[in-house]
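Structure data follow from target.pdb (PDB, C-alpha atoms):
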```pdb
ATOM      1  CA  MET A   1       7.052 -10.936 -14.165
ATOM      2  CA  SER A   2       7.537 -14.184 -16.048
ATOM      3  CA  ARG A   3      10.646 -16.326 -15.894
ATOM      4  CA  ASN A   4      11.582 -15.243 -19.425
ATOM      5  CA  GLN A   5      11.644 -11.511 -18.672
ATOM      6  CA  PRO A   6      14.554  -9.802 -16.949
ATOM      7  CA  ALA A   7      13.774  -7.872 -13.780
ATOM      8  CA  ALA A   8      12.839  -4.262 -14.461
ATOM      9  CA  GLU A   9      15.304  -1.621 -13.391
ATOM     10  CA  VAL A  10      14.454   0.390 -10.333
ATOM     11  CA  PRO A  11      13.634   3.892 -11.607
ATOM     12  CA  ALA A  12      15.829   6.733 -10.399
ATOM     13  CA  TYR A  13      14.768   8.112  -7.061
ATOM     14  CA  GLU A  14      16.113  10.522  -4.521
ATOM     15  CA  GLU A  15      16.213  10.042  -0.777
ATOM     16  CA  LEU A  16      15.010  13.019   1.194
ATOM     17  CA  ARG A  17      14.853  13.719   4.919
ATOM     18  CA  VAL A  18      11.722  15.197   6.494
ATOM     19  CA  PRO A  19      11.734  16.607  10.039
ATOM     20  CA  VAL A  20       9.322  14.739  12.335
ATOM     21  CA  HIS A  21       9.027  14.420  16.105
ATOM     22  CA  GLY A  22      12.384  13.107  17.352
ATOM     23  CA  GLY A  23      14.463  13.490  14.169
ATOM     24  CA  ASP A  24      14.296  13.046  10.410
ATOM     25  CA  LEU A  25      12.230  10.536   8.439
ATOM     26  CA  ALA A  26      13.730   9.061   5.238
ATOM     27  CA  VAL A  27      11.471   9.450   2.197
ATOM     28  CA  LEU A  28      12.135   8.093  -1.290
ATOM     29  CA  ARG A  29      10.853  10.310  -4.090
ATOM     30  CA  TRP A  30      10.300   9.258  -7.681
ATOM     31  CA  PRO A  31       9.523  12.574  -9.410
ATOM     32  CA  ALA A  32       6.870  13.047 -12.054
ATOM     33  CA  ALA A  33       7.819  14.306 -15.500
ATOM     34  CA  ASP A  34       5.266  17.108 -15.016
ATOM     35  CA  PRO A  35       5.775  19.146 -11.816
ATOM     36  CA  GLY A  36       1.989  19.654 -11.624
ATOM     37  CA  ALA A  37       1.241  15.899 -11.643
ATOM     38  CA  PRO A  38      -0.594  14.295  -8.722
ATOM     39  CA  VAL A  39       1.395  13.178  -5.687
ATOM     40  CA  VAL A  40       0.995   9.649  -4.318
ATOM     41  CA  LEU A  41       2.112   9.014  -0.736
ATOM     42  CA  ALA A  42       2.659   5.247  -0.516
ATOM     43  CA  LEU A  43       3.050   3.538   2.864
ATOM     44  CA  HIS A  44       4.695   0.133   3.186
ATOM     45  CA  GLY A  45       3.761  -2.874   5.295
ATOM     46  CA  ILE A  46       5.274  -3.863   8.629
ATOM     47  CA  THR A  47       8.274  -5.825   7.324
ATOM     48  CA  ALA A  48       9.008  -3.639   4.289
ATOM     49  CA  ASN A  49      10.458  -0.207   3.552
ATOM     50  CA  GLY A  50       9.990   2.570   0.999
ATOM     51  CA  LEU A  51      11.785   0.595  -1.703
ATOM     52  CA  SER A  52       8.914  -1.888  -1.734
ATOM     53  CA  TRP A  53       7.134   0.652  -3.975
ATOM     54  CA  SER A  54       9.875   0.693  -6.635
ATOM     55  CA  ARG A  55       7.993  -1.653  -8.978
ATOM     56  CA  VAL A  56       4.923   0.574  -8.703
ATOM     57  CA  ALA A  57       7.142   3.571  -9.525
ATOM     58  CA  HIS A  58       8.367   1.676 -12.575
ATOM     59  CA  HIS A  59       4.801   1.140 -13.827
ATOM     60  CA  LEU A  60       3.714   4.695 -13.039
ATOM     61  CA  ALA A  61       6.582   5.816 -15.276
ATOM     62  CA  GLY A  62       6.718   9.427 -14.117
ATOM     63  CA  ARG A  63       2.981  10.117 -14.467
ATOM     64  CA  VAL A  64       2.820  10.990 -10.745
ATOM     65  CA  THR A  65       5.295  11.932  -8.067
ATOM     66  CA  LEU A  66       5.595   8.913  -5.803
ATOM     67  CA  LEU A  67       6.667   9.486  -2.198
ATOM     68  CA  ALA A  68       7.518   6.330  -0.254
ATOM     69  CA  PRO A  69       8.794   6.862   3.283
ATOM     70  CA  ASP A  70      10.663   4.406   5.425
ATOM     71  CA  LEU A  71       8.247   4.443   8.348
ATOM     72  CA  ARG A  72       9.524   5.307  11.831
ATOM     73  CA  GLY A  73      11.776   2.560  13.183
ATOM     74  CA  ARG A  74      12.411   0.934   9.783
ATOM     75  CA  ALA A  75      15.257   1.029   7.232
ATOM     76  CA  HIS A  76      16.760   4.529   6.952
ATOM     77  CA  SER A  77      14.272   5.831   9.523
ATOM     78  CA  GLY A  78      15.383   3.110  11.933
ATOM     79  CA  THR A  79      17.087   5.411  14.402
ATOM     80  CA  LEU A  80      14.020   7.557  15.096
ATOM     81  CA  PRO A  81      12.874   7.212  18.697
ATOM     82  CA  GLY A  82       9.400   6.217  19.797
ATOM     83  CA  PRO A  83       6.625   6.490  20.250
ATOM     84  CA  TYR A  84       6.018   3.968  17.519
ATOM     85  CA  GLY A  85       2.699   2.721  16.184
ATOM     86  CA  ILE A  86      -0.019   3.625  13.741
ATOM     87  CA  ALA A  87      -0.845   6.994  15.354
ATOM     88  CA  ALA A  88       2.812   8.112  15.274
ATOM     89  CA  HIS A  89       3.110   6.962  11.655
ATOM     90  CA  ALA A  90      -0.063   8.907  10.769
ATOM     91  CA  ASP A  91       1.337  12.118  12.225
ATOM     92  CA  ASP A  92       4.660  11.500  10.458
ATOM     93  CA  MET A  93       2.772  11.182   7.147
ATOM     94  CA  ALA A  94       1.092  14.533   7.745
ATOM     95  CA  ALA A  95       4.569  16.047   8.185
ATOM     96  CA  VAL A  96       5.774  14.374   4.962
ATOM     97  CA  ALA A  97       2.795  15.671   2.983
ATOM     98  CA  ALA A  98       3.136  19.175   4.425
ATOM     99  CA  ARG A  99       6.819  19.294   3.486
ATOM    100  CA  LEU A 100       6.855  17.525   0.086
ATOM    101  CA  ALA A 101       3.390  17.818  -1.481
ATOM    102  CA  PRO A 102       1.937  21.140  -2.659
ATOM    103  CA  GLY A 103      -1.667  20.007  -2.164
ATOM    104  CA  PRO A 104      -3.774  16.943  -1.395
ATOM    105  CA  VAL A 105      -2.146  13.556  -1.990
ATOM    106  CA  VAL A 106      -3.395  10.179  -3.104
ATOM    107  CA  LEU A 107      -2.795   8.282   0.129
ATOM    108  CA  THR A 108      -1.940   4.641  -0.509
ATOM    109  CA  GLY A 109      -1.014   1.882   1.904
ATOM    110  CA  HIS A 110      -0.303  -1.819   1.907
ATOM    111  CA  SER A 111      -0.948  -4.020   4.947
ATOM    112  CA  MET A 112       0.157  -2.042   8.035
ATOM    113  CA  GLY A 113       0.601   0.914   5.682
ATOM    114  CA  ALA A 114      -3.103   0.659   4.801
ATOM    115  CA  PHE A 115      -4.061   0.894   8.463
ATOM    116  CA  THR A 116      -1.725   3.886   8.773
ATOM    117  CA  ALA A 117      -3.231   5.502   5.656
ATOM    118  CA  ALA A 118      -6.758   5.042   7.028
ATOM    119  CA  LEU A 119      -5.867   6.651  10.350
ATOM    120  CA  THR A 120      -3.954   9.429   8.588
ATOM    121  CA  ALA A 121      -7.092  10.250   6.594
ATOM    122  CA  VAL A 122      -9.144  10.385   9.807
ATOM    123  CA  ARG A 123      -6.641  12.486  11.778
ATOM    124  CA  HIS A 124      -5.784  14.782   8.842
ATOM    125  CA  PRO A 125      -8.947  14.855   6.688
ATOM    126  CA  GLY A 126      -7.772  17.664   4.400
ATOM    127  CA  MET A 127      -4.655  15.781   3.359
ATOM    128  CA  PRO A 128      -5.866  12.999   1.026
ATOM    129  CA  SER A 129      -7.613  13.568  -2.273
ATOM    130  CA  ALA A 130      -8.141   9.807  -2.476
ATOM    131  CA  LEU A 131      -7.417   6.769  -0.352
ATOM    132  CA  LEU A 132      -6.258   3.392  -1.672
ATOM    133  CA  LEU A 133      -5.987   0.577   0.880
ATOM    134  CA  VAL A 134      -4.398  -2.720  -0.137
ATOM    135  CA  ASP A 135      -4.753  -5.759   2.146
ATOM    136  CA  GLY A 136      -5.610  -3.832   5.295
ATOM    137  CA  GLY A 137      -6.961  -0.598   6.616
ATOM    138  CA  VAL A 138     -10.499  -1.155   7.836
ATOM    139  CA  THR A 139     -11.931  -3.797  10.120
ATOM    140  CA  PHE A 140     -15.523  -4.961  10.253
ATOM    141  CA  PRO A 141     -17.187  -5.510  13.633
ATOM    142  CA  VAL A 142     -18.703  -8.979  13.459
ATOM    143  CA  THR A 143     -20.306 -11.052  16.156
ATOM    144  CA  THR A 144     -18.280 -14.097  17.186
ATOM    145  CA  ASP A 145     -21.259 -16.466  17.329
ATOM    146  CA  LEU A 146     -21.420 -16.886  13.528
ATOM    147  CA  GLU A 147     -19.837 -19.563  11.388
ATOM    148  CA  PRO A 148     -17.351 -18.347   8.700
ATOM    149  CA  ASP A 149     -19.990 -18.145   5.932
ATOM    150  CA  GLY A 150     -22.266 -16.156   8.240
ATOM    151  CA  ARG A 151     -19.426 -13.737   9.016
ATOM    152  CA  ILE A 152     -18.816 -13.211   5.303
ATOM    153  CA  ALA A 153     -22.516 -12.521   4.750
ATOM    154  CA  ALA A 154     -22.628 -10.145   7.758
ATOM    155  CA  VAL A 155     -20.003  -7.802   6.284
ATOM    156  CA  GLY A 156     -21.425  -7.966   2.772
ATOM    157  CA  VAL A 157     -18.413  -9.557   1.077
ATOM    158  CA  ARG A 158     -19.412 -10.959  -2.287
ATOM    159  CA  GLU A 159     -17.454 -13.432  -4.292
ATOM    160  CA  ARG A 160     -17.138 -12.977  -8.042
ATOM    161  CA  GLY A 161     -20.307 -14.175  -9.679
ATOM    162  CA  GLY A 162     -21.882 -15.233  -6.394
ATOM    163  CA  GLN A 163     -23.947 -14.094  -3.463
ATOM    164  CA  ALA A 164     -22.643 -13.019  -0.091
ATOM    165  CA  GLY A 165     -21.991 -16.116   1.954
ATOM    166  CA  GLY A 166     -22.704 -18.320  -1.035
ATOM    167  CA  ARG A 167     -20.748 -21.373  -2.135
ATOM    168  CA  ARG A 168     -17.061 -20.578  -2.217
ATOM    169  CA  ARG A 169     -15.254 -20.945  -5.501
ATOM    170  CA  ARG A 170     -11.879 -22.584  -5.651
ATOM    171  CA  HIS A 171      -9.031 -20.556  -7.088
ATOM    172  CA  ARG A 172      -5.815 -22.065  -8.371
ATOM    173  CA  PRO A 173      -2.675 -20.524  -9.812
ATOM    174  CA  CYS A 174      -3.126 -19.791 -13.500
ATOM    175  CA  ARG A 175      -0.805 -21.715 -15.755
ATOM    176  CA  LEU A 176      -2.076 -20.273 -19.033
ATOM    177  CA  ARG A 177       0.308 -17.844 -20.720
ATOM    178  CA  ALA A 178      -2.654 -15.866 -22.040
ATOM    179  CA  CYS A 179      -3.985 -15.263 -18.527
ATOM    180  CA  ARG A 180      -2.697 -11.943 -17.180
ATOM    181  CA  GLN A 181      -4.019 -12.450 -13.667
ATOM    182  CA  PRO A 182      -2.102 -14.582 -11.172
ATOM    183  CA  TRP A 183      -5.285 -16.414 -10.139
ATOM    184  CA  CYS A 184      -8.003 -17.684 -12.462
ATOM    185  CA  ASP A 185     -11.267 -19.489 -11.846
ATOM    186  CA  ARG A 186     -11.230 -23.160 -12.861
TER
END
```
Would you write out, as structure tokens, the structure that this file holds?
Amino acid sequence: MSRNQPAAEVPAYEELRVPVHGGDLAVLRWPAADPGAPVVLALHGITANGLSWSRVAHHLAGRVTLLAPDLRGRAHSGTLPGPYGIAAHADDMAAVAARLAPGPVVLTGHSMGAFTAALTAVRHPGMPSALLLVDGGVTFPVTTDLEPDGRIAAVGVRERGGQAGGRRRRHRPCRLRACRQPWCDR
């Protein structure tokens, strides 16, 4: 969003309650225009809540049904008792999908939500039709005796236009109005 554009309105959503171990989990639902559209179950990061997906709902514009729970212990699910943690969240997500999604869901998570999505897919393999992990979700076992460039090469991370472990490129904020990405190579 640029400084010249007003903030987009939060699309209309409904707040639902889904029974889980110990009480009810709050789930925000942005419905699709077509009842047969795919369902996306979007899991927030550790300091967020379901509303953190409102901008995504805006851009999806009713092409999917977006379900965004407030994870156990957060926001409107804040009064749910423990146990807390990734495993409890994963089981809660299975309950959400069973209650609100007619079939497999696109399981999406950001940060802690990505780790939860990954474990949900492992514990409930029939639930996701796809898995999208943003800034979290899978760790790479790497020996500690390597320097940073060696660690990058060991897990096969490649930089744009370069080799694994090659010279790192500097990225700076883009100040060109024509550039649509927040970071550009200079």
Selection near segment 76-92 of chain A, 8 Å with all atoms listed in the file, sequence-local residues under 4 positions removed, as a list in words: Val20, His21, Gly22, Gly23, Asp24, Leu25, Ala26, Asp70, Leu71, Arg72, Val96, Phe115, Thr116, Ala117, Leu119, Thr120 and Arg123 of chain A
Minimum-distance residue to Val106 of chain A, chosen among A:Ala61, A:Tyr13, A:Val39, A:Leu146 (using only C-alpha atoms):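 Once distances to Val106 of chain A are computed over only C-alpha atoms, the minimum belongs to A:Val39.
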Option closest in space to Gly103 of chain A, from A:Gly50, A:Gly73, A:Pro148, A:Gly36 [counting only C-alpha atoms]: A:Gly36
Atom-to-atom span, atom CA of Gly137 of chain A and atom CA of Leu100 of chain A, Å: 23.7 Å
Two-atom distance - atom CA of Thr108 of chain A, atom CA of Pro128 of chain A (Å):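 Going from atom CA of Thr108 of chain A over to atom CA of Pro128 of chain A covers 9.4 Å.
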Hits of the PyMOL selection byres ((chain A and resi 56) around 12) in this structure, as a list in words: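 What the PyMOL selection byres ((chain A and resi 56) around 12) grabs from the file is Ala8, Glu9, Val10, Pro11, Trp30, Val40, Leu41, Ala42, His44, Gly50, Leu51, Ser52, Trp53, Ser54, Arg55, Ala57, His58, His59, Leu60, Ala61, Gly62, Arg63, Val64, Thr65, Leu66, Leu67, Ala68 and Thr108 of chain A.
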Residue with smallest distance to Leu131 of chain A - pool A:Ala94, A:Leu107, A:Met112, A:Leu43, counting only C-alpha atoms: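 Checking each of A:Ala94, A:Leu107, A:Met112, A:Leu43 against Leu131 of chain A, counting only C-alpha atoms, the winner is A:Leu107.
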Atomic separation - atom CA of Ala114 of chain A relative to atom CA of Leu132 of chain A, Å: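 Result for atom CA of Leu132 of chain A versus atom CA of Ala114 of chain A: 7.7 Å, one decimal.
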Nearest residue to Ala97 of chain A from the set A:Leu133, A:Met127, A:Ala153, A:Ala37 (distances using all atoms listed in the file):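 Using all atoms listed in the file, the shortest distance to Ala97 of chain A belongs to A:Met127.
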Residues in the PyMOL selection byres ((chain A and resi 47) around 10), expressed as number ranges by chain: A: 44-46, 48-49, 52, 74-75, 111-112
Around all of segment 111-118 of chain A's listed atoms, make the axis-aligned box with 5 Å on each side and tell me centre and edge lengths in Å to one decimal, as AutoDock Vina command-line options.
```
--center_x -3.1 --center_y 0.7 --center_z 6.8 --size_x 17.4 --size_y 19.5 --size_z 14.0
```
Exercise: Glu15 of chain A partners within 8 Å, all atoms listed in the file, chain neighbours under 5 positions left out, as a VMD selection string: chain A and resid 26 to 29
Any chance you could build segment 89-121 of chain A out to N, CA and C atoms and write it as a compact mmCIF listing (two decimals), keeping the file's coordinate frame?
```
# COMPACT_ATOMS: atom_id res chain seq x y z
N HIS A 89 2.90 7.01 13.11
CA HIS A 89 3.11 6.96 11.66
C HIS A 89 2.17 7.94 10.95
N ALA A 90 0.92 8.01 11.40
CA ALA A 90 -0.06 8.91 10.77
C ALA A 90 0.40 10.36 10.89
N ASP A 91 0.86 10.74 12.05
CA ASP A 91 1.34 12.12 12.22
C ASP A 91 2.60 12.37 11.41
N ASP A 92 3.47 11.37 11.32
CA ASP A 92 4.66 11.50 10.46
C ASP A 92 4.25 11.72 9.00
N MET A 93 3.20 11.03 8.54
CA MET A 93 2.77 11.18 7.15
C MET A 93 2.22 12.57 6.89
N ALA A 94 1.56 13.15 7.89
CA ALA A 94 1.09 14.53 7.74
C ALA A 94 2.28 15.48 7.57
N ALA A 95 3.36 15.22 8.32
CA ALA A 95 4.57 16.05 8.18
C ALA A 95 5.20 15.88 6.81
N VAL A 96 5.22 14.64 6.30
CA VAL A 96 5.77 14.37 4.96
C VAL A 96 4.97 15.12 3.91
N ALA A 97 3.64 15.01 3.97
CA ALA A 97 2.80 15.67 2.98
C ALA A 97 2.95 17.19 3.06
N ALA A 98 3.00 17.72 4.27
CA ALA A 98 3.14 19.18 4.42
C ALA A 98 4.45 19.67 3.84
N ARG A 99 5.49 18.88 3.95
CA ARG A 99 6.82 19.29 3.49
C ARG A 99 7.03 19.06 1.99
N LEU A 100 6.49 17.95 1.44
CA LEU A 100 6.86 17.52 0.09
C LEU A 100 5.73 17.59 -0.95
N ALA A 101 4.50 17.81 -0.53
CA ALA A 101 3.39 17.82 -1.48
C ALA A 101 2.71 19.19 -1.46
N PRO A 102 2.52 19.81 -2.62
CA PRO A 102 1.94 21.14 -2.66
C PRO A 102 0.44 21.18 -2.36
N GLY A 103 -0.22 20.05 -2.40
CA GLY A 103 -1.67 20.01 -2.16
C GLY A 103 -2.06 18.63 -1.69
N PRO A 104 -3.33 18.27 -1.82
CA PRO A 104 -3.77 16.94 -1.40
C PRO A 104 -3.01 15.82 -2.12
N VAL A 105 -2.87 14.70 -1.44
CA VAL A 105 -2.15 13.56 -1.99
C VAL A 105 -3.09 12.37 -2.14
N VAL A 106 -2.74 11.47 -3.04
CA VAL A 106 -3.40 10.18 -3.10
C VAL A 106 -2.68 9.33 -2.05
N LEU A 107 -3.38 9.00 -1.00
CA LEU A 107 -2.80 8.28 0.13
C LEU A 107 -3.01 6.80 -0.09
N THR A 108 -1.91 6.06 -0.17
CA THR A 108 -1.94 4.64 -0.51
C THR A 108 -1.20 3.86 0.55
N GLY A 109 -1.72 2.70 0.93
CA GLY A 109 -1.01 1.88 1.90
C GLY A 109 -1.25 0.41 1.67
N HIS A 110 -0.22 -0.36 2.00
CA HIS A 110 -0.30 -1.82 1.91
C HIS A 110 -0.14 -2.41 3.31
N SER A 111 -1.02 -3.31 3.68
CA SER A 111 -0.95 -4.02 4.95
C SER A 111 -0.94 -3.02 6.10
N MET A 112 0.10 -3.02 6.95
CA MET A 112 0.16 -2.04 8.04
C MET A 112 0.09 -0.62 7.48
N GLY A 113 0.67 -0.40 6.31
CA GLY A 113 0.60 0.91 5.68
C GLY A 113 -0.82 1.32 5.36
N ALA A 114 -1.69 0.35 5.07
CA ALA A 114 -3.10 0.66 4.80
C ALA A 114 -3.80 1.11 6.08
N PHE A 115 -3.49 0.46 7.19
CA PHE A 115 -4.06 0.89 8.46
C PHE A 115 -3.56 2.30 8.80
N THR A 116 -2.29 2.56 8.54
CA THR A 116 -1.72 3.89 8.77
C THR A 116 -2.39 4.92 7.87
N ALA A 117 -2.58 4.58 6.60
CA ALA A 117 -3.23 5.50 5.66
C ALA A 117 -4.65 5.83 6.11
N ALA A 118 -5.38 4.82 6.57
CA ALA A 118 -6.76 5.04 7.03
C ALA A 118 -6.78 5.99 8.22
N LEU A 119 -5.89 5.77 9.19
CA LEU A 119 -5.87 6.65 10.35
C LEU A 119 -5.36 8.04 9.98
N THR A 120 -4.43 8.13 9.06
CA THR A 120 -3.95 9.43 8.59
C THR A 120 -5.11 10.22 8.00
N ALA A 121 -5.94 9.57 7.21
CA ALA A 121 -7.09 10.25 6.59
C ALA A 121 -8.09 10.73 7.65
```
